[in-house]
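Okay, structure first, notes after.
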Amino acid sequence: MDHARDAHRTDLMTITRFVLNEQSKHPASRGDFTILLNHIVGCKFVCSAVNKVVGFHSILTQVWPNSLGLQETPMCRQGEEQKKLDVLSNEVFIKALISSGRTCVLVSEEDEEATFVEPSRRGKYCVMFDPLDGSSNIDCGVSIGTIFGIYMVKDKGKPNIDDVLQPGKNMVAAGYCMYGSSCMIPKKGKIYSVNEGNAKNWDCPTTKYVEKCKFPTDGSPAKSLRYVGSMVADVHRTLLYGGIFLYPADKKSPNGKLRVLYEVFPMSFLMEQAGGQAFTGKQWALDLVPKKIHERSPIFLGSYDDVEEIKALYAAEEQK
């Protein structure tokens, strides 16, 4: 990389410029989707807030303990402790999406119920998002981020909860923004990403797959374990370098831990667009039809061939 040349580049591609360029390729476009994405760029404010937390954490904890860490009172609907920066990020995204005039139903990881936009400000898109994925890592400087997925509403005049309880394959777009420290994923990678602290509770196919990653019997080199614990960071690395990200069901969480609408679906959508695939342990992830807005699911996603291997182990288990 030529750092000296990059430092003097003037032809910069911002997300706003990219979206406008793409819109110009579709003469019939009215610009609604462009406006929506430009409002999602509100994530830049969240990025700034996160950087302040990371940069000044040592000072803040001395002068103002717990300044942007745990929120003392509300518990988010998952029963997890809610972070103050989570609350701030959620408010930023809700207000930005409503003010765009292009949304009608919003589902946030932080809110128990879906938000229905008032008729005078209503648009044709439904947005599901996790405003600050990996927020438990805020205070230690690990990469965290925002995940979002977008559906088209069926009837703008009468939006309802069924507009977001659709298979992931119906999404029109998905994305993530990573805070902290282009992509065609390799067909097979050298990295696996999983929380091995839960190994004693895994099912047989997951156990066999991870064992194979560490001790391959076909003469291939062992895979390297890399696990941050922030889905955005772990999936981002998987997109860049290949491999597989696993968050399986286990005895403690038989339905998995990650939420379907704003974690599993958007990341599965992105992985498939990059040439990989996503599997729940039972089916193609994007064929899953959620019944609740905060439904959870196991997920295995990453390089195509790596996911094929764990699919084969689950198929063999079913035949027993």
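Residues in the structure tokens are numbered from 1 in each chain, the chains being A, B, ... in the order shown, and ligands are numbered from 1 in the order shown.
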
Within 8 Å of segment 190-198 of chain A, counting only C-alpha atoms, which residues qualify if same-chain residues fewer than 6 places away don't, as a list in words? Cys213, Ala222, Lys223, Ser224, Leu225, Arg226, Tyr227, Gly229, Asp234, Thr238, Tyr241, Gly242, Gly243, Ile244, Phe245, Leu246, Tyr247 and Asp250 of chain A

All residues 8 Å or closer to segment 166-180 of chain A, only C-alpha atoms, same chain fewer than 2 positions away omitted, as a PyMOL selection string: chain A and resi 43+47+50-51+141-152+162-164+232-233+261+265-267+269-270+285-290

Save out the residues we just selected, N, CA, C and O atoms, as a compact mmCIF listing (two decimals), in the first residue's frame.
```txt
# COMPACT_ATOMS: atom_id res chain seq x y z
N CYS A 43 -24.84 6.72 11.80
CA CYS A 43 -23.93 5.88 12.57
C CYS A 43 -22.59 6.58 12.80
O CYS A 43 -21.84 6.21 13.71
N CYS A 47 -20.16 6.34 15.99
CA CYS A 47 -18.72 6.06 15.88
C CYS A 47 -17.92 7.07 16.70
O CYS A 47 -17.00 6.71 17.43
N VAL A 50 -18.32 6.33 20.42
CA VAL A 50 -17.56 5.14 20.81
C VAL A 50 -16.08 5.48 20.93
O VAL A 50 -15.41 5.08 21.88
N ASN A 51 -15.55 6.23 19.96
CA ASN A 51 -14.14 6.59 19.99
C ASN A 51 -13.79 7.41 21.23
O ASN A 51 -12.72 7.28 21.80
N GLY A 141 -12.25 -1.41 24.59
CA GLY A 141 -11.71 -0.95 23.31
C GLY A 141 -11.80 -1.92 22.15
O GLY A 141 -11.22 -1.70 21.11
N VAL A 142 -12.54 -3.03 22.31
CA VAL A 142 -12.69 -3.99 21.23
C VAL A 142 -13.67 -3.45 20.19
O VAL A 142 -14.59 -2.70 20.53
N SER A 143 -13.49 -3.81 18.93
CA SER A 143 -14.37 -3.32 17.87
C SER A 143 -15.82 -3.73 18.13
O SER A 143 -16.11 -4.88 18.45
N ILE A 144 -16.71 -2.77 17.99
CA ILE A 144 -18.15 -3.01 18.10
C ILE A 144 -18.80 -2.34 16.91
O ILE A 144 -18.12 -1.73 16.08
N GLY A 145 -20.12 -2.44 16.75
CA GLY A 145 -20.72 -1.82 15.58
C GLY A 145 -22.22 -1.93 15.53
O GLY A 145 -22.87 -2.39 16.46
N THR A 146 -22.78 -1.46 14.43
CA THR A 146 -24.22 -1.47 14.18
C THR A 146 -24.53 -2.45 13.05
O THR A 146 -23.79 -2.51 12.06
N ILE A 147 -25.61 -3.21 13.20
CA ILE A 147 -26.06 -4.14 12.16
C ILE A 147 -27.48 -3.73 11.76
O ILE A 147 -28.29 -3.41 12.63
N PHE A 148 -27.77 -3.75 10.46
CA PHE A 148 -29.12 -3.41 10.03
C PHE A 148 -29.56 -4.24 8.83
O PHE A 148 -28.74 -4.74 8.06
N GLY A 149 -30.87 -4.40 8.72
CA GLY A 149 -31.48 -5.07 7.57
C GLY A 149 -32.72 -4.29 7.16
O GLY A 149 -33.37 -3.65 8.00
N ILE A 150 -33.05 -4.32 5.88
CA ILE A 150 -34.17 -3.52 5.36
C ILE A 150 -35.11 -4.38 4.53
O ILE A 150 -34.68 -5.12 3.65
N TYR A 151 -36.41 -4.28 4.83
CA TYR A 151 -37.47 -4.90 4.04
C TYR A 151 -38.33 -3.81 3.40
O TYR A 151 -38.39 -2.67 3.88
N MET A 152 -39.05 -4.19 2.35
CA MET A 152 -40.06 -3.32 1.78
C MET A 152 -41.40 -3.67 2.42
O MET A 152 -41.74 -4.84 2.57
N ASP A 162 -46.32 -8.24 10.60
CA ASP A 162 -45.97 -9.25 9.60
C ASP A 162 -45.01 -8.71 8.54
O ASP A 162 -44.34 -9.47 7.85
N ASP A 163 -44.94 -7.38 8.42
CA ASP A 163 -44.02 -6.79 7.45
C ASP A 163 -42.56 -7.04 7.80
O ASP A 163 -41.69 -6.98 6.93
N VAL A 164 -42.27 -7.29 9.08
CA VAL A 164 -40.89 -7.58 9.47
C VAL A 164 -40.67 -9.06 9.77
O VAL A 164 -39.53 -9.51 9.86
N VAL A 232 -20.08 -8.15 15.02
CA VAL A 232 -19.61 -7.29 13.94
C VAL A 232 -18.12 -7.53 13.66
O VAL A 232 -17.71 -7.71 12.52
N ALA A 233 -17.32 -7.55 14.71
CA ALA A 233 -15.88 -7.74 14.52
C ALA A 233 -15.55 -9.14 13.99
O ALA A 233 -14.73 -9.30 13.09
N LEU A 261 -33.80 -11.12 13.35
CA LEU A 261 -34.09 -10.00 12.47
C LEU A 261 -32.93 -9.02 12.30
O LEU A 261 -32.71 -8.52 11.19
N PHE A 265 -30.13 -12.40 10.18
CA PHE A 265 -30.51 -12.11 8.79
C PHE A 265 -29.55 -11.14 8.09
O PHE A 265 -29.06 -11.44 6.99
N PRO A 266 -29.26 -9.96 8.67
CA PRO A 266 -28.36 -9.05 7.94
C PRO A 266 -26.99 -9.65 7.66
O PRO A 266 -26.46 -9.54 6.55
N MET A 267 -26.40 -10.32 8.64
CA MET A 267 -25.07 -10.88 8.43
C MET A 267 -25.09 -12.07 7.47
O MET A 267 -24.17 -12.27 6.68
N PHE A 269 -27.25 -12.38 5.01
CA PHE A 269 -27.48 -11.74 3.70
C PHE A 269 -26.15 -11.25 3.12
O PHE A 269 -25.82 -11.50 1.96
N LEU A 270 -25.36 -10.56 3.94
CA LEU A 270 -24.06 -10.04 3.49
C LEU A 270 -23.10 -11.16 3.13
O LEU A 270 -22.38 -11.09 2.13
N ALA A 285 -30.29 -20.20 6.34
CA ALA A 285 -30.66 -19.16 7.30
C ALA A 285 -31.69 -18.18 6.74
O ALA A 285 -32.62 -17.77 7.45
N LEU A 286 -31.55 -17.80 5.48
CA LEU A 286 -32.43 -16.78 4.92
C LEU A 286 -33.82 -17.32 4.56
O LEU A 286 -34.69 -16.56 4.16
N ASP A 287 -34.04 -18.63 4.74
CA ASP A 287 -35.38 -19.20 4.56
C ASP A 287 -36.18 -19.22 5.86
O ASP A 287 -37.37 -19.50 5.86
N LEU A 288 -35.52 -18.93 6.95
CA LEU A 288 -36.18 -18.94 8.26
C LEU A 288 -37.27 -17.87 8.28
O LEU A 288 -37.06 -16.74 7.83
N VAL A 289 -38.45 -18.22 8.80
CA VAL A 289 -39.55 -17.26 8.93
C VAL A 289 -39.78 -17.00 10.42
O VAL A 289 -40.32 -17.86 11.12
N PRO A 290 -39.36 -15.85 10.94
CA PRO A 290 -39.52 -15.59 12.37
C PRO A 290 -40.97 -15.40 12.76
O PRO A 290 -41.78 -14.91 11.97
```

Taking only C-alpha atoms into account, name the residue in A:Trp202, A:Phe215, A:Tyr262, A:Tyr304 that is nearest to Leu239 of chain A.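 Among the listed residues, A:Tyr304 lies closest to Leu239 of chain A.
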
One residue among A:Pro298, A:Lys212, A:Ser303, A:Lys282 is nearest to Leu240 of chain A when using only C-alpha atoms, and that residue is A:Ser303

Selection: 8 Å around Ser297 of chain A, only C-alpha atoms, excl. self and same-chain fewer than 4 positions, as a list in words: Ala249, Asn255, Gly256, Lys257, Leu258, Arg259, Val260, Val264 and Thr280 of chain A

Filtered DSSP result for segment 134-200 of chain A, state helix (DSSP H, G or I), as a ChimeraX atom specification: /A:135-140,161-163,168-170,196-200

Resulting file, chosen residues, N, CA, C and O atoms, as an mmCIF file, in the first residue's frame:
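Done, and the output landed in result.cif:
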```cif
data_model
loop_
_atom_site.group_PDB
_atom_site.id
_atom_site.type_symbol
_atom_site.label_atom_id
_atom_site.label_comp_id
_atom_site.auth_asym_id
_atom_site.auth_seq_id
_atom_site.Cartn_x
_atom_site.Cartn_y
_atom_site.Cartn_z
ATOM 1 N N SER A 135 -21.731 -4.463 22.661
ATOM 2 C CA SER A 135 -21.553 -3.344 23.589
ATOM 3 C C SER A 135 -20.919 -3.747 24.913
ATOM 4 O O SER A 135 -20.411 -2.899 25.639
ATOM 5 N N SER A 136 -20.922 -5.038 25.239
ATOM 6 C CA SER A 136 -20.252 -5.475 26.466
ATOM 7 C C SER A 136 -18.749 -5.242 26.373
ATOM 8 O O SER A 136 -18.040 -5.278 27.370
ATOM 9 N N ASN A 137 -18.260 -4.981 25.140
ATOM 10 C CA ASN A 137 -16.830 -4.734 24.934
ATOM 11 C C ASN A 137 -16.482 -3.249 24.910
ATOM 12 O O ASN A 137 -15.335 -2.880 24.645
ATOM 13 N N ILE A 138 -17.459 -2.366 25.175
ATOM 14 C CA ILE A 138 -17.227 -0.932 25.074
ATOM 15 C C ILE A 138 -16.025 -0.495 25.897
ATOM 16 O O ILE A 138 -15.149 0.232 25.440
ATOM 17 N N ASP A 139 -15.988 -0.944 27.146
ATOM 18 C CA ASP A 139 -14.979 -0.425 28.065
ATOM 19 C C ASP A 139 -13.583 -0.978 27.857
ATOM 20 O O ASP A 139 -12.641 -0.531 28.511
ATOM 21 N N CYS A 140 -13.412 -1.964 26.967
ATOM 22 C CA CYS A 140 -12.063 -2.510 26.764
ATOM 23 C C CYS A 140 -11.528 -2.225 25.366
ATOM 24 O O CYS A 140 -10.486 -2.731 24.979
ATOM 25 N N ILE A 161 -46.989 -5.948 11.989
ATOM 26 C CA ILE A 161 -45.819 -6.690 12.429
ATOM 27 C C ILE A 161 -45.387 -7.762 11.430
ATOM 28 O O ILE A 161 -44.216 -8.138 11.362
ATOM 29 N N ASP A 162 -46.317 -8.235 10.604
ATOM 30 C CA ASP A 162 -45.966 -9.249 9.598
ATOM 31 C C ASP A 162 -45.007 -8.708 8.542
ATOM 32 O O ASP A 162 -44.341 -9.470 7.852
ATOM 33 N N ASP A 163 -44.940 -7.381 8.425
ATOM 34 C CA ASP A 163 -44.024 -6.788 7.451
ATOM 35 C C ASP A 163 -42.565 -7.035 7.800
ATOM 36 O O ASP A 163 -41.691 -6.981 6.930
ATOM 37 N N GLY A 168 -35.431 -13.972 5.575
ATOM 38 C CA GLY A 168 -34.324 -13.067 5.288
ATOM 39 C C GLY A 168 -34.076 -12.850 3.808
ATOM 40 O O GLY A 168 -33.559 -11.807 3.405
ATOM 41 N N LYS A 169 -34.457 -13.830 2.984
ATOM 42 C CA LYS A 169 -34.221 -13.702 1.536
ATOM 43 C C LYS A 169 -35.051 -12.584 0.918
ATOM 44 O O LYS A 169 -34.787 -12.165 -0.207
ATOM 45 N N ASN A 170 -36.052 -12.075 1.655
ATOM 46 C CA ASN A 170 -36.885 -10.988 1.138
ATOM 47 C C ASN A 170 -36.299 -9.610 1.409
ATOM 48 O O ASN A 170 -36.857 -8.602 0.978
ATOM 49 N N GLU A 196 -15.457 -21.111 22.711
ATOM 50 C CA GLU A 196 -15.213 -22.482 23.165
ATOM 51 C C GLU A 196 -15.500 -22.669 24.653
ATOM 52 O O GLU A 196 -15.486 -23.795 25.154
ATOM 53 N N GLY A 197 -15.788 -21.591 25.344
ATOM 54 C CA GLY A 197 -16.178 -21.709 26.736
ATOM 55 C C GLY A 197 -17.498 -22.439 26.910
ATOM 56 O O GLY A 197 -17.817 -22.929 27.998
ATOM 57 N N ASN A 198 -18.280 -22.528 25.813
ATOM 58 C CA ASN A 198 -19.565 -23.231 25.851
ATOM 59 C C ASN A 198 -19.473 -24.664 25.336
ATOM 60 O O ASN A 198 -20.494 -25.324 25.144
ATOM 61 N N ALA A 199 -18.269 -25.144 25.091
ATOM 62 C CA ALA A 199 -18.083 -26.430 24.411
ATOM 63 C C ALA A 199 -18.790 -27.598 25.101
ATOM 64 O O ALA A 199 -19.326 -28.488 24.434
ATOM 65 N N LYS A 200 -18.818 -27.607 26.414
ATOM 66 C CA LYS A 200 -19.432 -28.739 27.118
ATOM 67 C C LYS A 200 -20.935 -28.835 26.887
ATOM 68 O O LYS A 200 -21.546 -29.879 27.135
#
```

So that I can check the secondary structure, give me every residue of segment 177-263 of chain A assigned strand (DSSP E or B) by backbone DSSP, as a PyMOL selection string. chain A and resi 177-179+191-193+202+224-225+244-247+250+258-259

Atom CA of Glu263 of chain A to atom CA of Cys126 of chain A, straight-line distance in Å: 15.1 Å

Between A:Leu301, A:Cys104, A:Ile293, A:Cys204, single out the one closest to Tyr314 of chain A, counting only C-alpha atoms.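 Among the listed residues, A:Cys204 lies closest to Tyr314 of chain A.
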
For segment 15-22 of chain A, find every residue with an atom within 10 Å (counting only C-alpha atoms), except residues of its own chain fewer than 5 positions away, and show them as a list in words.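 The filter keeps Gly31, Phe33, Thr34, Ile35, Leu37, Asn38, His39 and Val41 of chain A.
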
Store the residues of this selection in a file with C-alpha atoms, as an mmCIF file, in the first residue's frame.
```cif
data_model
loop_
_atom_site.group_PDB
_atom_site.id
_atom_site.type_symbol
_atom_site.label_atom_id
_atom_site.label_comp_id
_atom_site.auth_asym_id
_atom_site.auth_seq_id
_atom_site.Cartn_x
_atom_site.Cartn_y
_atom_site.Cartn_z
ATOM 1 C CA GLY A 31 -34.354 8.462 -4.480
ATOM 2 C CA PHE A 33 -33.726 4.330 -0.825
ATOM 3 C CA THR A 34 -30.854 6.795 -1.199
ATOM 4 C CA ILE A 35 -32.440 9.116 1.359
ATOM 5 C CA LEU A 37 -29.320 5.061 3.516
ATOM 6 C CA ASN A 38 -28.064 8.599 3.985
ATOM 7 C CA HIS A 39 -30.002 8.801 7.240
ATOM 8 C CA VAL A 41 -25.135 7.282 7.992
#
```

Which residue out of A:Val87, A:Ile185, A:Asp111, A:Val105 has the minimum interatomic distance to Lys156 of chain A when only C-alpha atoms are used? A:Val105

What is the atom CA of Lys95 of chain A to atom CA of Thr115 of chain A distance in Å? 11.1 Å

For Gly281 of chain A, the closest of A:Leu36, A:Gly123, A:Lys311, A:His294 counting only C-alpha atoms is A:Lys311

Proximity to Pro254 of chain A - best of A:Arg296, A:His236, A:Arg121, A:Lys188, only C-alpha atoms: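 Using only C-alpha atoms, Pro254 of chain A sits closest to A:Arg296.
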